[in-house]
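Novice: Contents are compact mmCIF, C-alpha atoms; file name model-v5.txt:
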# COMPACT_ATOMS: atom_id res chain seq x y z
CA MET A 1 0.00 0.00 0.00
CA ASN A 2 1.36 3.37 -0.99
CA GLY A 3 0.70 6.63 0.83
CA ASP A 4 -2.02 7.63 3.22
CA PRO A 5 -5.74 6.91 2.77
CA VAL A 6 -7.73 9.62 0.99
CA GLN A 7 -9.86 12.04 3.01
CA TRP A 8 -13.54 11.17 2.53
CA ALA A 9 -14.60 14.40 0.78
CA ASP A 10 -11.62 14.18 -1.58
CA ALA A 11 -12.47 10.54 -2.31
CA ARG A 12 -16.03 11.51 -3.22
CA ALA A 13 -14.76 14.22 -5.57
CA ALA A 14 -12.27 11.82 -7.17
CA ALA A 15 -14.99 9.20 -7.70
CA HIS A 16 -17.28 11.76 -9.33
CA ALA A 17 -14.48 12.99 -11.60
CA ALA A 18 -13.60 9.42 -12.61
CA GLY A 19 -17.22 8.74 -13.47
CA ALA A 20 -17.64 12.03 -15.35
CA ALA A 21 -14.59 11.22 -17.49
CA LEU A 22 -16.45 8.13 -18.75
CA CYS A 23 -19.88 9.74 -19.21
CA GLU A 24 -21.22 8.62 -22.60
CA LEU A 25 -23.05 10.50 -25.32
CA GLY A 26 -26.82 10.58 -25.11
CA VAL A 27 -29.18 8.04 -26.65
CA ARG A 28 -32.67 8.73 -27.93
CA VAL A 29 -35.45 7.00 -25.99
CA ASP A 30 -39.23 7.19 -25.80
CA LEU A 31 -40.50 9.63 -23.20
CA ALA A 32 -41.83 6.84 -20.97
CA ASP A 33 -38.39 5.21 -20.91
CA GLY A 34 -36.80 8.43 -19.70
CA LEU A 35 -38.22 8.21 -16.18
CA GLY A 36 -35.40 8.38 -13.66
CA ARG A 37 -32.79 8.98 -16.35
CA VAL A 38 -30.59 12.06 -16.87
CA LEU A 39 -31.02 14.42 -19.82
CA ALA A 40 -28.05 14.41 -22.17
CA SER A 41 -29.14 17.62 -23.95
CA ASP A 42 -31.44 20.54 -23.25
CA LEU A 43 -35.13 19.72 -23.65
CA THR A 44 -37.46 22.28 -25.23
CA ALA A 45 -41.23 22.29 -25.57
CA SER A 46 -42.76 21.06 -28.81
CA GLY A 47 -46.07 22.77 -28.05
CA ALA A 48 -47.61 25.37 -25.77
CA VAL A 49 -49.26 24.54 -22.45
CA PRO A 50 -52.12 25.09 -22.59
CA GLY A 51 -52.47 25.07 -26.36
CA HIS A 52 -55.55 27.30 -26.29
CA ASP A 53 -57.38 29.82 -24.12
CA GLY A 54 -59.41 27.57 -21.85
CA ALA A 55 -61.78 27.53 -18.93
CA ALA A 56 -60.03 27.31 -15.57
CA MET A 57 -63.28 26.20 -13.87
CA ASP A 58 -66.52 24.39 -14.64
CA GLY A 59 -69.22 26.94 -15.32
CA TRP A 60 -70.27 29.18 -18.22
CA ALA A 61 -68.33 31.16 -20.80
CA VAL A 62 -70.05 34.54 -20.91
CA ALA A 63 -69.80 37.71 -23.00
CA GLY A 64 -70.67 41.11 -21.57
CA GLU A 65 -72.90 41.70 -18.56
CA GLY A 66 -75.67 39.33 -17.48
CA PRO A 67 -78.17 38.00 -17.33
CA TRP A 68 -77.26 35.85 -20.33
CA SER A 69 -79.20 33.69 -22.73
CA LEU A 70 -77.80 30.17 -23.03
CA GLY A 71 -76.19 28.41 -25.98
CA ALA A 72 -74.76 24.96 -26.60
CA ALA A 73 -72.34 23.40 -24.10
CA ILE A 74 -68.57 23.19 -24.68
CA VAL A 75 -66.69 20.24 -23.20
CA ALA A 76 -63.02 19.44 -22.70
CA GLY A 77 -61.59 17.87 -25.84
CA ALA A 78 -63.82 19.85 -28.19
CA ALA A 79 -62.19 21.70 -31.07
CA PRO A 80 -61.95 25.47 -30.52
CA SER A 81 -65.04 27.23 -31.81
CA ALA A 82 -64.77 29.77 -34.60
CA GLU A 83 -68.20 31.17 -33.72
CA ARG A 84 -68.01 34.35 -31.70
CA LEU A 85 -69.85 34.59 -28.41
CA ASP A 86 -71.96 37.74 -28.64
CA ALA A 87 -72.65 40.05 -25.70
CA GLY A 88 -75.49 38.80 -23.53
CA ARG A 89 -74.81 35.16 -24.43
CA ALA A 90 -73.42 32.27 -22.30
CA ARG A 91 -72.39 28.71 -23.00
CA PRO A 92 -71.91 25.97 -20.38
CA ILE A 93 -68.24 24.93 -20.30
CA THR A 94 -66.09 22.37 -18.49
CA THR A 95 -62.61 22.84 -17.07
CA GLY A 96 -59.98 22.88 -19.79
CA ALA A 97 -62.41 23.32 -22.66
CA PRO A 98 -61.51 26.03 -25.23
CA ILE A 99 -63.39 29.29 -24.74
CA PRO A 100 -65.07 30.77 -27.82
CA PRO A 101 -63.96 34.12 -29.27
CA GLY A 102 -65.62 37.05 -27.54
CA THR A 103 -65.63 35.46 -24.08
CA THR A 104 -65.08 38.07 -21.39
CA SER A 105 -65.17 35.72 -18.39
CA VAL A 106 -65.91 32.23 -17.17
CA VAL A 107 -68.51 32.30 -14.39
CA ARG A 108 -68.07 29.41 -11.96
CA SER A 109 -70.91 26.94 -11.53
CA GLU A 110 -71.30 27.94 -7.88
CA ASP A 111 -71.53 31.67 -8.71
CA ALA A 112 -74.66 31.68 -10.92
CA ASP A 113 -77.99 29.93 -11.52
CA VAL A 114 -80.20 29.32 -14.51
CA VAL A 115 -83.51 31.08 -13.94
CA ASP A 116 -86.27 30.88 -16.56
CA GLY A 117 -83.78 29.76 -19.18
CA ARG A 118 -81.33 32.58 -18.50
CA LEU A 119 -78.08 32.62 -16.54
CA VAL A 120 -78.16 34.95 -13.56
CA ARG A 121 -75.10 35.69 -11.43
CA HIS A 122 -75.69 35.61 -7.66
CA THR A 123 -72.10 36.30 -6.50
CA VAL A 124 -70.72 39.81 -6.61
CA GLY A 125 -67.16 40.27 -7.83
CA ILE A 126 -65.74 38.46 -10.80
CA ARG A 127 -62.57 36.61 -11.55
CA ARG A 128 -62.02 35.91 -15.18
CA HIS A 129 -61.28 32.18 -14.67
CA VAL A 130 -59.69 31.91 -18.09
CA ARG A 131 -56.37 30.16 -18.52
CA PRO A 132 -54.60 31.84 -21.44
CA ALA A 133 -52.76 29.84 -24.10
CA ALA A 134 -49.06 29.30 -23.28
CA GLU A 135 -49.60 30.48 -19.69
CA GLU A 136 -47.36 27.66 -18.41
CA VAL A 137 -45.14 26.80 -21.38
CA SER A 138 -44.57 28.46 -24.74
CA VAL A 139 -43.46 26.69 -27.92
CA GLY A 140 -39.69 26.23 -27.99
CA GLU A 141 -39.25 27.22 -24.34
CA LEU A 142 -36.50 25.45 -22.38
CA LEU A 143 -38.11 22.89 -20.11
CA PHE A 144 -35.05 21.30 -18.53
CA ALA A 145 -31.31 21.69 -19.02
CA ALA A 146 -28.91 18.84 -19.75
CA GLY A 147 -28.00 17.03 -16.54
CA THR A 148 -31.54 17.17 -15.13
CA VAL A 149 -32.91 13.99 -13.57
CA LEU A 150 -36.27 13.15 -15.12
CA THR A 151 -38.68 12.80 -12.21
CA PRO A 152 -42.36 11.87 -12.71
CA PRO A 153 -43.54 15.54 -12.64
CA ARG A 154 -40.86 16.47 -15.19
CA ILE A 155 -41.86 13.62 -17.49
CA ALA A 156 -45.49 14.73 -17.09
CA LEU A 157 -44.64 18.33 -18.04
CA ALA A 158 -42.67 17.13 -21.05
CA ALA A 159 -45.66 15.05 -22.15
CA ALA A 160 -48.02 17.99 -21.69
CA SER A 161 -45.64 20.03 -23.86
CA GLY A 162 -45.91 17.55 -26.74
CA VAL A 163 -42.56 15.78 -26.24
CA ASP A 164 -42.47 12.17 -27.47
CA ASP A 165 -38.78 11.30 -27.13
CA LEU A 166 -35.61 12.74 -25.67
CA ASP A 167 -31.85 12.28 -25.27
CA VAL A 168 -30.70 10.62 -22.05
CA VAL A 169 -27.31 9.61 -20.72
CA PRO A 170 -26.97 5.82 -20.83
CA ALA A 171 -27.13 4.27 -17.37
CA PRO A 172 -23.90 2.36 -16.71
CA THR A 173 -24.15 -1.40 -16.71
CA VAL A 174 -22.97 -3.04 -13.48
CA ARG A 175 -21.45 -6.33 -12.38
CA VAL A 176 -21.36 -7.13 -8.67
CA ALA A 177 -18.82 -9.72 -7.55
CA VAL A 178 -19.08 -11.02 -3.98
CA LEU A 179 -15.71 -12.50 -3.00
CA GLY A 180 -15.16 -15.06 -0.26
CA ASP A 181 -15.06 -18.81 0.33
CA GLU A 182 -16.95 -18.32 3.59
CA ILE A 183 -20.12 -17.01 1.94
CA VAL A 184 -23.23 -19.16 1.52
CA GLY A 185 -26.32 -18.30 -0.47
CA ARG A 186 -29.13 -19.87 1.54
CA GLY A 187 -30.18 -20.88 5.03
CA VAL A 188 -28.43 -20.48 8.36
CA PRO A 189 -24.63 -20.51 7.87
CA GLU A 190 -22.58 -23.11 9.69
CA PRO A 191 -20.01 -21.82 12.20
CA GLY A 192 -17.20 -20.13 10.28
CA ARG A 193 -19.46 -19.26 7.35
CA VAL A 194 -21.59 -16.14 6.69
CA ARG A 195 -24.71 -15.48 4.66
CA ASP A 196 -24.46 -13.63 1.34
CA VAL A 197 -26.07 -10.23 1.97
CA PHE A 198 -24.83 -8.49 -1.17
CA THR A 199 -25.96 -10.25 -4.36
CA MET A 200 -29.58 -9.41 -3.64
CA THR A 201 -29.00 -5.87 -2.34
CA LEU A 202 -26.03 -4.11 -3.96
CA PRO A 203 -27.52 -4.14 -7.50
CA ALA A 204 -30.60 -2.38 -6.09
CA VAL A 205 -28.44 0.13 -4.20
CA LEU A 206 -26.54 0.96 -7.39
CA GLN A 207 -29.77 1.20 -9.35
CA GLY A 208 -30.95 3.69 -6.73
CA PHE A 209 -27.92 5.81 -7.64
CA GLY A 210 -28.89 5.71 -11.32
CA ALA A 211 -27.06 2.65 -12.67
CA SER A 212 -28.82 -0.02 -14.69
CA THR A 213 -29.93 -3.26 -13.07
CA GLY A 214 -26.79 -5.33 -12.67
CA THR A 215 -25.80 -8.96 -12.44
CA ALA A 216 -24.26 -10.45 -9.30
CA VAL A 217 -21.92 -13.42 -8.92
CA ARG A 218 -20.05 -15.09 -6.05
CA VAL A 219 -16.31 -15.66 -6.45
CA SER A 220 -13.93 -17.82 -4.41
CA ASP A 221 -10.87 -16.48 -2.56
CA ASP A 222 -8.50 -17.15 -5.42
CA LEU A 223 -6.24 -14.76 -7.32
CA ALA A 224 -6.95 -16.28 -10.72
CA ALA A 225 -10.73 -16.26 -10.13
CA THR A 226 -10.59 -12.68 -8.91
CA GLU A 227 -8.54 -11.65 -11.93
CA ARG A 228 -11.06 -13.30 -14.26
CA VAL A 229 -14.12 -11.62 -12.74
CA LEU A 230 -12.42 -8.23 -12.98
CA GLY A 231 -10.70 -8.65 -16.32
CA ASP A 232 -13.52 -10.35 -18.24
CA ALA A 233 -16.21 -7.85 -17.32
CA ALA A 234 -17.98 -6.21 -20.25
CA GLU A 235 -19.90 -3.93 -17.87
CA ARG A 236 -18.96 -0.27 -17.39
CA LEU A 237 -18.84 -0.61 -13.59
CA VAL A 238 -17.62 -3.58 -11.56
CA VAL A 239 -18.36 -3.55 -7.83
CA THR A 240 -16.67 -6.10 -5.57
CA THR A 241 -17.09 -6.93 -1.90
CA GLY A 242 -14.32 -8.46 0.16
CA GLY A 243 -10.67 -9.07 -0.66
CA THR A 244 -9.53 -5.47 -0.23
CA ALA A 245 -7.50 -5.84 3.00
CA GLY A 246 -4.00 -7.28 3.32
CA SER A 247 -4.47 -10.91 4.36
CA SER A 248 -3.36 -13.97 2.43
CA THR A 249 -6.90 -14.43 1.07
CA ASP A 250 -7.31 -10.82 -0.12
CA HIS A 251 -6.58 -10.75 -3.86
CA VAL A 252 -8.32 -7.65 -5.21
CA ARG A 253 -5.25 -5.39 -5.17
CA GLY A 254 -3.13 -8.04 -6.87
CA ALA A 255 -5.82 -8.79 -9.46
CA LEU A 256 -6.22 -5.10 -10.30
CA GLY A 257 -2.48 -4.91 -10.90
CA ARG A 258 -2.48 -8.01 -13.10
CA ILE A 259 -5.22 -6.65 -15.38
CA GLY A 260 -3.47 -3.27 -15.65
CA ALA A 261 -6.02 -1.22 -13.71
CA GLU A 262 -4.89 2.12 -12.27
CA LEU A 263 -5.89 3.02 -8.70
CA VAL A 264 -7.88 6.26 -8.48
CA VAL A 265 -8.63 6.04 -4.73
CA ASP A 266 -6.42 3.80 -2.59
CA ARG A 267 -8.36 3.45 0.67
CA VAL A 268 -10.54 6.11 2.33
CA ASP A 269 -9.72 7.64 5.71
CA VAL A 270 -12.99 6.62 7.40
CA ARG A 271 -14.26 3.96 9.79
CA PRO A 272 -15.94 1.75 8.75
CA GLY A 273 -15.04 1.49 5.06
CA ARG A 274 -11.32 2.28 5.13
CA PRO A 275 -10.24 -0.52 2.69
CA THR A 276 -12.51 0.84 -0.08
CA MET A 277 -10.68 1.31 -3.39
CA LEU A 278 -11.55 2.72 -6.81
CA ALA A 279 -9.65 1.77 -9.96
CA ARG A 280 -9.94 2.29 -13.70
CA ARG A 281 -8.96 0.29 -16.76
CA GLY A 282 -9.95 1.70 -20.13
CA ARG A 283 -13.65 2.53 -19.97
CA THR A 284 -14.37 0.30 -16.97
CA LEU A 285 -14.36 1.44 -13.36
CA TYR A 286 -13.83 -0.87 -10.39
CA LEU A 287 -15.37 0.03 -7.02
CA CYS A 288 -13.84 -2.39 -4.54
CA LEU A 289 -15.63 -2.50 -1.20
CA PRO A 290 -14.72 -4.22 2.08
CA GLY A 291 -16.32 -7.54 2.92
CA ASN A 292 -17.88 -6.51 6.24
CA PRO A 293 -21.52 -5.57 5.59
CA MET A 294 -21.73 -2.09 7.09
CA ALA A 295 -18.25 -1.19 5.88
CA ALA A 296 -19.28 -2.18 2.36
CA MET A 297 -22.49 -0.16 2.51
CA VAL A 298 -20.62 2.89 3.82
CA GLY A 299 -18.14 2.55 0.95
CA ALA A 300 -20.99 2.20 -1.54
CA VAL A 301 -22.68 5.36 -0.26
CA LEU A 302 -19.45 7.35 0.00
CA LEU A 303 -18.13 6.54 -3.47
CA GLY A 304 -20.84 4.67 -5.36
CA GLY A 305 -23.27 7.58 -5.43
CA PRO A 306 -20.71 10.16 -6.70
CA LEU A 307 -19.30 7.62 -9.16
CA VAL A 308 -22.63 6.85 -10.82
CA ALA A 309 -23.59 10.54 -10.72
CA GLY A 310 -20.49 11.35 -12.74
CA MET A 311 -21.12 8.51 -15.19
CA THR A 312 -24.67 9.73 -15.80
CA GLY A 313 -23.87 13.42 -16.18
CA ARG A 314 -25.18 14.62 -12.82
CA ALA A 315 -23.48 17.05 -10.49
CA LEU A 316 -21.87 15.86 -7.29
CA ASP A 317 -24.38 16.19 -4.45
CA GLU A 318 -23.14 18.24 -1.56
CA PRO A 319 -23.34 16.49 1.82
CA GLY A 320 -26.20 17.54 4.07
CA ARG A 321 -25.85 18.77 7.65
CA VAL A 322 -27.34 17.32 10.83
CA ALA A 323 -27.16 18.29 14.48
CA ILE A 324 -25.90 15.43 16.64
CA ALA A 325 -28.04 14.85 19.74
CA ALA A 326 -25.36 13.05 21.78
CA ASP A 327 -21.64 13.32 22.48
CA VAL A 328 -19.67 11.29 19.92
CA PRO A 329 -16.03 10.56 20.80
CA ASN A 330 -13.55 9.86 18.00
CA GLU A 331 -10.07 9.55 19.42
CA ARG A 332 -8.59 7.83 16.38
CA SER A 333 -7.39 9.40 13.14
CA GLY A 334 -9.80 9.67 10.25
CA ALA A 335 -13.54 10.24 10.17
CA LEU A 336 -16.09 8.10 11.96
CA VAL A 337 -19.21 7.32 9.91
CA LEU A 338 -22.29 6.67 12.02
CA ALA A 339 -25.75 5.51 11.09
CA TYR A 340 -28.31 7.76 12.78
CA ARG A 341 -32.02 8.16 13.39
CA SER A 342 -33.68 11.56 13.06
CA THR A 343 -35.46 12.71 16.22
CA PRO A 344 -36.92 16.04 17.40
CA ASP A 345 -33.70 16.50 19.41
CA GLY A 346 -31.41 15.85 16.44
CA ALA A 347 -29.54 12.91 14.95
CA VAL A 348 -29.18 10.00 17.39
CA PRO A 349 -26.64 7.27 16.52
CA THR A 350 -28.33 3.90 16.17
CA THR A 351 -27.38 0.92 18.30
CA HIS A 352 -25.72 -2.24 16.99
CA GLN A 353 -23.37 -0.67 14.50
CA SER A 354 -19.88 -1.82 13.69
CA PRO A 355 -18.16 -2.82 10.42
CA ALA A 356 -19.64 -6.34 10.63
CA MET A 357 -23.17 -5.37 11.74
CA LEU A 358 -26.25 -4.40 9.74
CA ARG A 359 -28.91 -3.82 12.38
CA GLY A 360 -27.95 -0.21 13.09
CA LEU A 361 -27.93 0.58 9.38
CA ALA A 362 -31.28 -1.12 8.89
CA ASP A 363 -32.82 1.37 11.36
CA ALA A 364 -31.01 4.44 10.00
CA ASP A 365 -32.25 7.60 8.29
CA GLY A 366 -28.78 8.63 7.14
CA LEU A 367 -25.05 8.61 7.80
CA ALA A 368 -23.29 11.25 9.91
CA VAL A 369 -19.58 11.96 9.50
CA VAL A 370 -17.68 12.82 12.68
CA GLU A 371 -14.10 13.98 12.16
CA ALA A 372 -11.15 13.05 14.38
CA GLY A 373 -11.49 14.52 17.86
CA GLY A 374 -15.22 13.83 18.10
CA VAL A 375 -18.07 16.27 18.78
CA ARG A 376 -20.29 17.32 21.64
CA ALA A 377 -24.09 17.10 21.60
CA GLY A 378 -25.57 19.89 19.50
CA ALA A 379 -22.68 20.03 17.02
CA VAL A 380 -23.60 20.14 13.34
CA VAL A 381 -21.77 17.60 11.17
CA PRO A 382 -21.88 16.48 7.52
CA SER A 383 -24.46 13.86 6.60
CA LEU A 384 -24.93 11.52 3.65
CA ARG A 385 -28.26 10.43 2.25
CA LEU A 386 -29.01 6.72 2.09
CA PRO A 387 -30.32 5.80 -1.39
CA TRP A 388 -33.06 3.59 0.03
CA THR A 389 -34.62 6.18 2.38
Using structure tokens, write down the structure from this file.
Specialist:
Amino acid sequence: MNGDPVQWADARAAAHAAGAALCELGVRVDLADGLGRVLASDLTASGAVPGHDGAAMDGWAVAGEGPWSLGAAIVAGAAPSAERLDAGRARPITTGAPIPPGTTSVVRSEDADVVDGRLVRHTVGIRRHVRPAAEEVSVGELLFAAGTVLTPPRIALAAASGVDDLDVVPAPTVRVAVLGDEIVGRGVPEPGRVRDVFTMTLPAVLQGFGASTGTAVRVSDDLAATERVLGDAAERLVVTTGGTAGSSTDHVRGALGRIGAELVVDRVDVRPGRPTMLARRGRTLYLCLPGNPMAAMVGAVLLGGPLVAGMTGRALDEPGRVAIAADVPNERSGALVLAYRSTPDGAVPTTHQSPAMLRGLADADGLAVVEAGGVRAGAVVPSLRLPWT
């Protein structure tokens, strides 16, 4: 191992930069397939929203002062009328329907009554209740800039604006490799063995960051097997668990060297998660996580989120801030990463958390980062969002 571990904020920045360097050109997809993806180019409106002057309420389109004689009804979906609405006339209308030329106001259903075949207003004071064409969006207007994540409301606005397809950044394909002879896939492990907790969870975690659904395999503690799973990968991102420390059964560092991968981040100065590494070979990135469950999840959150954000054209999220509700000692070097629960008094560290435990993380709302020296209750510290909360 060469040099000191990388400070956690610098490691996040390095992961994002490594991902951004491999961000691919956009691909054209149907609008429905864009949900959750990132725009590769600016998106402009194909049509106006609304496309016509329309009724903002159910009621009557009226011209001039009342009372008004009644004409035929106008419903949403009807073609705009070319017939002018003369003064003293009214036509029943539904929300969103196009108002006829000459309309001076839409009178709400609750503000007037039909008496002897004529419409009579019974509420004093008028609001026009007309939604003008292009009130929300005009033709050619910028809807969203490149780099925007396409949430359901954004997809809905694009659809309302007449968009049928768009350019998105391809989501990186992922391979997850769980290393270790001690890992079993089903049932209660025998003494000396542990249950596989990663093949069913890490692909979903990475998908939550914006990667595509990945495959997951288990690999034995063997240098040749480790080299094969790293070197043969056709995926853009390979994520491993285990094998990153310095024991006789830890082969990730050696395998990375044998395939010619260059280390981008060589360990992170945090606990848990210190043995986390990031490497690159060609257009493939390797995120190598520790084998202990919480340490691996901390490494995935610390570097996996920024890495995928860079690969999909998104900006690096700034850490949040939380007030710690209890004294947290940290007498060792490097940052301490704690799972916490949010309470009215602030962030309270969960119980049952250590590199090998999951229970504290299972109950957590986020991760708090406490630098060397520790903090007293009430201190505000950086926080990291968990992709599953």
Novice: Which one is closest to Trp388 (chain A): A:Ala56, A:Val178, A:Leu361, A:Val217? Count all atoms listed in the file.
Specialist: A:Leu361
Novice: Nearest to Gln353 (chain A) among A:Val184, A:Leu316, A:Ala32, A:Ala295, with distances taken over only C-alpha atoms: which residue is it?
Specialist: A:Ala295
Novice: Enter the distance from CA of Ala356 (chain A) to CA of Val229 (chain A), in Å, rounded to one decimal.
Specialist: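 Calculated distance between CA of Ala356 (chain A) and CA of Val229 (chain A) is 24.6 Å.
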Novice: Could you pull the residues within 7 Å of region 19-23 of chain A, counting all atoms listed in the file, minus those fewer than 4 positions along the same chain, as a list in words?
Specialist: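 Here the answer would be Ala15, Arg283, Leu307, Val308, Gly310, Met311, Thr312 and Gly313 of chain A.
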Novice: Write the residues of the preceding selection, restricted to C-alpha atoms, as a PDB file, in the coordinates of the input.
Specialist:
ATOM      1  CA  ALA A  15     -14.990   9.200  -7.700  1.00  0.00           C
ATOM      2  CA  ARG A 283     -13.650   2.530 -19.970  1.00  0.00           C
ATOM      3  CA  LEU A 307     -19.300   7.620  -9.160  1.00  0.00           C
ATOM      4  CA  VAL A 308     -22.630   6.850 -10.820  1.00  0.00           C
ATOM      5  CA  GLY A 310     -20.490  11.350 -12.740  1.00  0.00           C
ATOM      6  CA  MET A 311     -21.120   8.510 -15.190  1.00  0.00           C
ATOM      7  CA  THR A 312     -24.670   9.730 -15.800  1.00  0.00           C
ATOM      8  CA  GLY A 313     -23.870  13.420 -16.180  1.00  0.00           C
TER       9      GLY A 313
END
Novice: Show me, as a ChimeraX atom specification, the residues that have an atom within 10 Å of Ala255 (chain A) when counting only C-alpha atoms, minus same-chain residues fewer than 4 positions from it.
Specialist: /A:222-231,250-251,259-261
Novice: Those selected residues, please, written with C-alpha atoms and delivered as a PDB file, keeping the file's coordinate frame.
Specialist:
ATOM      1  CA  ASP A 222      -8.500 -17.150  -5.420  1.00  0.00           C
ATOM      2  CA  LEU A 223      -6.240 -14.760  -7.320  1.00  0.00           C
ATOM      3  CA  ALA A 224      -6.950 -16.280 -10.720  1.00  0.00           C
ATOM      4  CA  ALA A 225     -10.730 -16.260 -10.130  1.00  0.00           C
ATOM      5  CA  THR A 226     -10.590 -12.680  -8.910  1.00  0.00           C
ATOM      6  CA  GLU A 227      -8.540 -11.650 -11.930  1.00  0.00           C
ATOM      7  CA  ARG A 228     -11.060 -13.300 -14.260  1.00  0.00           C
ATOM      8  CA  VAL A 229     -14.120 -11.620 -12.740  1.00  0.00           C
ATOM      9  CA  LEU A 230     -12.420  -8.230 -12.980  1.00  0.00           C
ATOM     10  CA  GLY A 231     -10.700  -8.650 -16.320  1.00  0.00           C
ATOM     11  CA  ASP A 250      -7.310 -10.820  -0.120  1.00  0.00           C
ATOM     12  CA  HIS A 251      -6.580 -10.750  -3.860  1.00  0.00           C
ATOM     13  CA  ILE A 259      -5.220  -6.650 -15.380  1.00  0.00           C
ATOM     14  CA  GLY A 260      -3.470  -3.270 -15.650  1.00  0.00           C
ATOM     15  CA  ALA A 261      -6.020  -1.220 -13.710  1.00  0.00           C
TER      16      ALA A 261
END
Novice: Could you check which of A:Ser354, A:Gln207, A:Thr249, A:Ser333 is closest to Asp4 (chain A), using all atoms listed in the file?
Specialist: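 Result for the nearest residue to Asp4 (chain A): A:Ser333.
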Novice: Measuring atom to atom with all atoms listed in the file, identify which of A:Gly273, A:Gly88, A:Gly36, A:Thr104 is nearest to Ala61 (chain A).
Specialist: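 When distances to Ala61 (chain A) are compared using all atoms listed in the file, the smallest one comes from A:Thr104.
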